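Have a look at the structure below before the remarks.
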Amino acid sequence: MRFKFLITSLTSCTGCISALISLDIFPQFLERTKIEYFPFISDNLEIKECDVALVEGCVSEKNQIEYLQEIRKNAKKLYALGTCSAFGGILSLSNIKESYPISKFVEVDGIIPGCPPPSILLGNCLLRLVENKKIKLSLKNMCSTCPLNNQAKIDLPLTIDKIVPRNDEIRFPEENLSCFLNDGILCLGPVTRDGCDHLCINQGLPCEGCLGPVSKGFTSNLINFLSLFNLSKDLRKYKGIFYRFSKSHVGGKD
Ligand code: SF4
Ligand code: SF4
């Protein structure tokens, strides 16, 4: 039996859908499923009953709520695709627009996190959904597998005064065996779910948290984590530390 899929976007940059379409296994995914609704690649604009709905993007307009509820009514399972959909994401930094994760308005069965979701994670999730299996996400934090994890050597309290290294400070794991925190650079690895194979860290950048919180008490965990450091004034004012990943009902039922 071929599972019926619905794939769509709310307010987004379409990066998650682009990541999905670019997967090596996307042709295989199309062969093994029946796509009932996917405005990105199809003219069919009628929402039909489906087994799995994947929704990218956050809710930022009133009319999206009704649209989302219509999708929920027609989908046996509904998954938030990407960080905007799961947690509010980048639009949460706006002073003009509201942004909400879809779980504020409809029940979700799970999330596929990431901005966009890393290809290995996304491909594995799709294959599991096609086989009617639950999505499995890591229950560990990013530090647990990080090649720079030498936190035992961190002398607290440290002063953290940067969210990214300066250009001349960028060092790759093979030449930098020191945790970013040791260099006074904010890395959200301790409160972020593992599962991206350290894409940013391997490029010399700290984790900014796009896979979202590893546990439901994200805000309190983050406050506890940040309270270990002397945060510079600029960073204390940077609301993005809290807002991008803090509005969700983490993880849905899976
Ligand atoms: S999660 Fe990232 S890639 Fe996906 S729609 Fe939002 S901003 Fe774009
Ligand atoms: S804080 Fe960042 S750099 Fe340090 S171990 Fe954790 S993920 Fe790696």
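Each chain of the structure tokens is named A, B, ... in the order shown, its residues numbered from 1; ligands are numbered from 1 in display order.
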- Message: Which residues are close to Gly123 (chain A), i.e. within 10 Å by only C-alpha atoms, leaving aside same-chain residues fewer than 2 positions away? Reply as a list of chain:residue names.
- Response: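 So the residues in contact are A:Ala19, A:Leu20, A:Leu23, A:Asp24, A:Ile25, A:Phe26, A:Phe29, A:Pro117, A:Pro118, A:Ser119, A:Ile120, A:Leu121, A:Cys125, A:Leu126, A:Leu127, A:Arg128, A:Leu129.
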Please produce a file of the residues just selected, as a PDB file, in the first residue's frame, where the atoms kept are C-alpha atoms.
```
ATOM      1  CA  ALA A  19      15.852  20.377   1.522  1.00  0.00           C
ATOM      2  CA  LEU A  20      13.214  17.661   1.155  1.00  0.00           C
ATOM      3  CA  LEU A  23      17.246  14.602  -0.887  1.00  0.00           C
ATOM      4  CA  ASP A  24      18.901  11.709  -2.735  1.00  0.00           C
ATOM      5  CA  ILE A  25      15.969   9.559  -1.702  1.00  0.00           C
ATOM      6  CA  PHE A  26      13.296  12.016  -2.919  1.00  0.00           C
ATOM      7  CA  PHE A  29      10.010   8.694  -1.735  1.00  0.00           C
ATOM      8  CA  PRO A 117      16.407  19.612   8.838  1.00  0.00           C
ATOM      9  CA  PRO A 118      19.788  17.990   8.066  1.00  0.00           C
ATOM     10  CA  SER A 119      19.535  15.644   5.090  1.00  0.00           C
ATOM     11  CA  ILE A 120      20.402  12.438   6.967  1.00  0.00           C
ATOM     12  CA  LEU A 121      17.861  13.179   9.685  1.00  0.00           C
ATOM     13  CA  CYS A 125      12.409  10.425   9.067  1.00  0.00           C
ATOM     14  CA  LEU A 126      10.782  10.198   5.629  1.00  0.00           C
ATOM     15  CA  LEU A 127      11.718   6.547   5.210  1.00  0.00           C
ATOM     16  CA  ARG A 128      10.288   5.751   8.632  1.00  0.00           C
ATOM     17  CA  LEU A 129       7.044   7.553   7.831  1.00  0.00           C
TER      18      LEU A 129
END
```
Within 12 Å of Phe5 (chain A), counting only C-alpha atoms, which residues qualify if same-chain residues fewer than 4 places away don't, as a ChimeraX atom specification? /A:29-38,47-55,71,74-79,126,129-130,132
Write a file of the just-selected residues containing N, CA and C atoms, as a CSV table (one decimal), in the first residue's frame.
```
chain,number,residue,atom,x,y,z
A,29,PHE,N,11.2,8.3,-2.6
A,29,PHE,CA,10.0,8.7,-1.7
A,29,PHE,C,8.8,8.9,-2.6
A,30,LEU,N,8.9,9.5,-3.8
A,30,LEU,CA,7.8,9.7,-4.7
A,30,LEU,C,7.2,8.4,-5.2
A,31,GLU,N,8.2,7.5,-5.5
A,31,GLU,CA,7.7,6.2,-6.0
A,31,GLU,C,6.9,5.4,-5.0
A,32,ARG,N,7.3,5.6,-3.7
A,32,ARG,CA,6.7,4.7,-2.7
A,32,ARG,C,5.4,5.4,-2.0
A,33,THR,N,5.1,6.6,-2.4
A,33,THR,CA,4.0,7.3,-1.8
A,33,THR,C,3.0,7.8,-2.9
A,34,LYS,N,1.8,8.2,-2.4
A,34,LYS,CA,0.9,8.9,-3.3
A,34,LYS,C,0.8,10.4,-2.8
A,35,ILE,N,1.2,11.3,-3.6
A,35,ILE,CA,1.2,12.7,-3.1
A,35,ILE,C,-0.2,13.3,-3.4
A,36,GLU,N,-1.0,13.5,-2.4
A,36,GLU,CA,-2.3,14.0,-2.5
A,36,GLU,C,-2.4,15.6,-2.7
A,37,TYR,N,-1.4,16.2,-2.1
A,37,TYR,CA,-1.4,17.7,-2.1
A,37,TYR,C,0.0,18.2,-1.8
A,38,PHE,N,0.5,19.0,-2.7
A,38,PHE,CA,1.9,19.5,-2.5
A,38,PHE,C,2.0,20.7,-3.5
A,47,ILE,N,-7.5,20.0,-0.7
A,47,ILE,CA,-6.9,19.2,0.4
A,47,ILE,C,-7.8,17.9,0.5
A,48,LYS,N,-7.1,16.8,0.4
A,48,LYS,CA,-7.8,15.5,0.5
A,48,LYS,C,-7.3,14.7,1.7
A,49,GLU,N,-8.0,13.7,2.0
A,49,GLU,CA,-7.6,12.8,3.2
A,49,GLU,C,-6.2,12.2,2.9
A,50,CYS,N,-5.4,12.2,3.9
A,50,CYS,CA,-4.1,11.6,3.7
A,50,CYS,C,-3.6,10.9,5.0
A,51,ASP,N,-2.6,10.1,4.8
A,51,ASP,CA,-2.0,9.4,6.0
A,51,ASP,C,-1.1,10.3,6.7
A,52,VAL,N,-0.3,11.0,6.0
A,52,VAL,CA,0.7,11.8,6.7
A,52,VAL,C,0.7,13.2,6.1
A,53,ALA,N,0.6,14.3,7.0
A,53,ALA,CA,0.8,15.6,6.5
A,53,ALA,C,2.1,16.2,7.1
A,54,LEU,N,2.9,16.8,6.2
A,54,LEU,CA,4.1,17.5,6.7
A,54,LEU,C,3.9,19.0,6.5
A,55,VAL,N,4.0,19.8,7.5
A,55,VAL,CA,3.8,21.2,7.4
A,55,VAL,C,5.0,22.0,7.8
A,71,ILE,N,-6.2,20.9,7.4
A,71,ILE,CA,-5.2,19.8,7.1
A,71,ILE,C,-5.3,18.8,8.2
A,74,ASN,N,-8.0,16.3,7.9
A,74,ASN,CA,-7.8,15.3,6.8
A,74,ASN,C,-6.6,14.4,6.9
A,75,ALA,N,-5.8,14.6,8.0
A,75,ALA,CA,-4.5,13.9,8.1
A,75,ALA,C,-4.6,12.9,9.3
A,76,LYS,N,-4.2,11.6,9.0
A,76,LYS,CA,-4.1,10.7,10.2
A,76,LYS,C,-3.0,11.1,11.1
A,77,LYS,N,-1.9,11.5,10.5
A,77,LYS,CA,-0.7,12.0,11.3
A,77,LYS,C,-0.3,13.3,10.7
A,78,LEU,N,0.1,14.2,11.6
A,78,LEU,CA,0.6,15.5,11.2
A,78,LEU,C,1.9,15.8,11.9
A,79,TYR,N,2.9,16.2,11.1
A,79,TYR,CA,4.3,16.4,11.6
A,79,TYR,C,4.7,17.9,11.2
A,126,LEU,N,11.7,10.5,6.7
A,126,LEU,CA,10.8,10.2,5.6
A,126,LEU,C,10.6,8.7,5.4
A,129,LEU,N,8.5,7.2,8.0
A,129,LEU,CA,7.0,7.6,7.8
A,129,LEU,C,6.4,6.7,6.7
A,130,VAL,N,7.2,6.5,5.6
A,130,VAL,CA,6.7,5.7,4.5
A,130,VAL,C,6.5,4.3,5.0
A,132,ASN,N,5.4,3.5,7.9
A,132,ASN,CA,4.5,3.6,9.0
A,132,ASN,C,5.1,3.4,10.4
```
task: Return as a VMD selection string every polymer residue, whether protein, DNA or RNA, with at least one atom no more than 12 Å from an atom of ligand 1; count only C-alpha atoms and all ligand atoms.
output: chain A and resid 8 to 20 55 to 59 80 to 93 99 to 101 111 to 119 122 209 to 212 244 to 245
Given 7 Å and only C-alpha atoms and all ligand atoms, residues near ligand 2 as a PyMOL selection string:
chain A and resi 142-143+146-151+179-181+187-190+201+206-207
Write the residues you've just listed into a file as a compact mmCIF listing (two decimals), in the first residue's frame, and include C-alpha atoms for each of them.
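The resulting file, again.txt, is reproduced below:
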```txt
# COMPACT_ATOMS: atom_id res chain seq x y z
CA MET A 142 24.64 18.15 21.14
CA CYS A 143 27.61 18.12 23.53
CA CYS A 146 30.54 16.96 19.92
CA PRO A 147 34.15 16.62 18.71
CA LEU A 148 35.03 19.73 20.77
CA ASN A 149 33.68 18.43 24.04
CA ASN A 150 36.32 19.13 26.63
CA GLN A 151 33.94 20.86 29.01
CA CYS A 179 34.80 23.96 23.36
CA PHE A 180 33.45 27.30 22.08
CA LEU A 181 32.40 28.23 25.60
CA CYS A 187 27.23 27.67 22.01
CA LEU A 188 23.76 26.27 22.72
CA GLY A 189 24.92 22.66 22.40
CA PRO A 190 24.22 21.86 26.08
CA ILE A 201 30.57 23.01 14.53
CA PRO A 206 28.92 27.23 17.43
CA CYS A 207 25.55 25.50 17.74
```
Residue neighbourhood Ile223 (chain A), 12 Å, only C-alpha atoms, exclusion window fewer than 3 positions, as a list in words:
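Using only C-alpha atoms, the neighbours found are Leu188, Pro190, Val191, Gly217, Phe218, Thr219, Ser220, Leu226, Ser227, Leu228, Phe229, Leu231, Arg236, Ile241, Phe242 and Ser246 of chain A.
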Just how far from CA of Lys62 (chain A) is CA of Glu98 (chain A), in Å to one decimal?
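Taking CA of Glu98 (chain A) as the start and CA of Lys62 (chain A) as the end point, the length is 10.2 Å.
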query: Mind pulling up the distance from CA of Phe105 (chain A) to CA of Ile65 (chain A)?
result: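 Interatomic distance, CA of Ile65 (chain A) to CA of Phe105 (chain A): 6.8 Å.
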From the list A:Ile170, A:Leu186, A:Leu45, A:Val108, the nearest residue to Leu222 (chain A) using only C-alpha atoms is A:Leu186
(request) Going by DSSP on the backbone, which bits of region 59-213 of chain A are helix (DSSP H, G or I)? Write them as a PyMOL selection string, please. (result) chain A and resi 62-74+83-87+89-93+102-104+119-130+142-145+151-153+167-169+180-183+189-191+199-202
Straight-line distance linking CA of Gly195 (chain A) with CA of Gly110 (chain A), stated in Å to one decimal: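 So the answer is 15.4 Å.
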| Test item, strand (DSSP E or B) assignment across region 9-247 of chain A, answer as a PyMOL selection string | chain A and resi 9+11+33-37+50-56+58-59+75-81+100+110-112+141+158-160+162+185+192-193+213+229-231
Store the residues picked out above in a file with C-alpha atoms, as a compact mmCIF listing (two decimals), in the first residue's frame.
```
# COMPACT_ATOMS: atom_id res chain seq x y z
CA SER A 9 4.06 25.49 3.81
CA THR A 11 5.13 31.34 6.64
CA THR A 33 3.97 7.30 -1.81
CA LYS A 34 0.92 8.93 -3.32
CA ILE A 35 1.19 12.71 -3.12
CA GLU A 36 -2.32 14.05 -2.53
CA TYR A 37 -1.43 17.69 -2.06
CA CYS A 50 -4.07 11.60 3.70
CA ASP A 51 -2.05 9.35 5.96
CA VAL A 52 0.72 11.85 6.70
CA ALA A 53 0.81 15.64 6.50
CA LEU A 54 4.12 17.52 6.68
CA VAL A 55 3.77 21.24 7.38
CA GLU A 56 6.67 23.66 7.01
CA CYS A 58 5.17 29.02 11.38
CA VAL A 59 1.70 30.47 11.80
CA ALA A 75 -4.53 13.86 8.07
CA LYS A 76 -4.14 10.71 10.15
CA LYS A 77 -0.73 11.99 11.28
CA LEU A 78 0.58 15.54 11.22
CA TYR A 79 4.25 16.44 11.57
CA ALA A 80 5.91 19.82 11.96
CA LEU A 81 8.63 20.05 9.30
CA TYR A 100 3.69 30.55 16.44
CA GLY A 110 5.82 14.72 15.99
CA ILE A 111 8.45 17.09 14.71
CA ILE A 112 11.27 16.90 12.17
CA ASN A 141 22.20 16.90 23.78
CA LEU A 158 33.39 32.28 32.22
CA THR A 159 32.63 35.50 30.40
CA ILE A 160 30.61 34.92 27.23
CA LYS A 162 30.09 36.64 21.41
CA ILE A 185 31.57 32.21 22.41
CA THR A 192 20.05 21.48 22.07
CA ARG A 193 19.04 18.09 20.72
CA PRO A 213 15.40 21.77 22.92
CA PHE A 229 28.27 32.57 32.73
CA ASN A 230 28.95 36.25 32.92
CA LEU A 231 26.97 37.28 29.84
```
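The closest residue to Thr145 (chain A), picked from A:Asp194, A:Glu70, A:Asp161, A:Asp183 and counting only C-alpha atoms, is A:Asp194.
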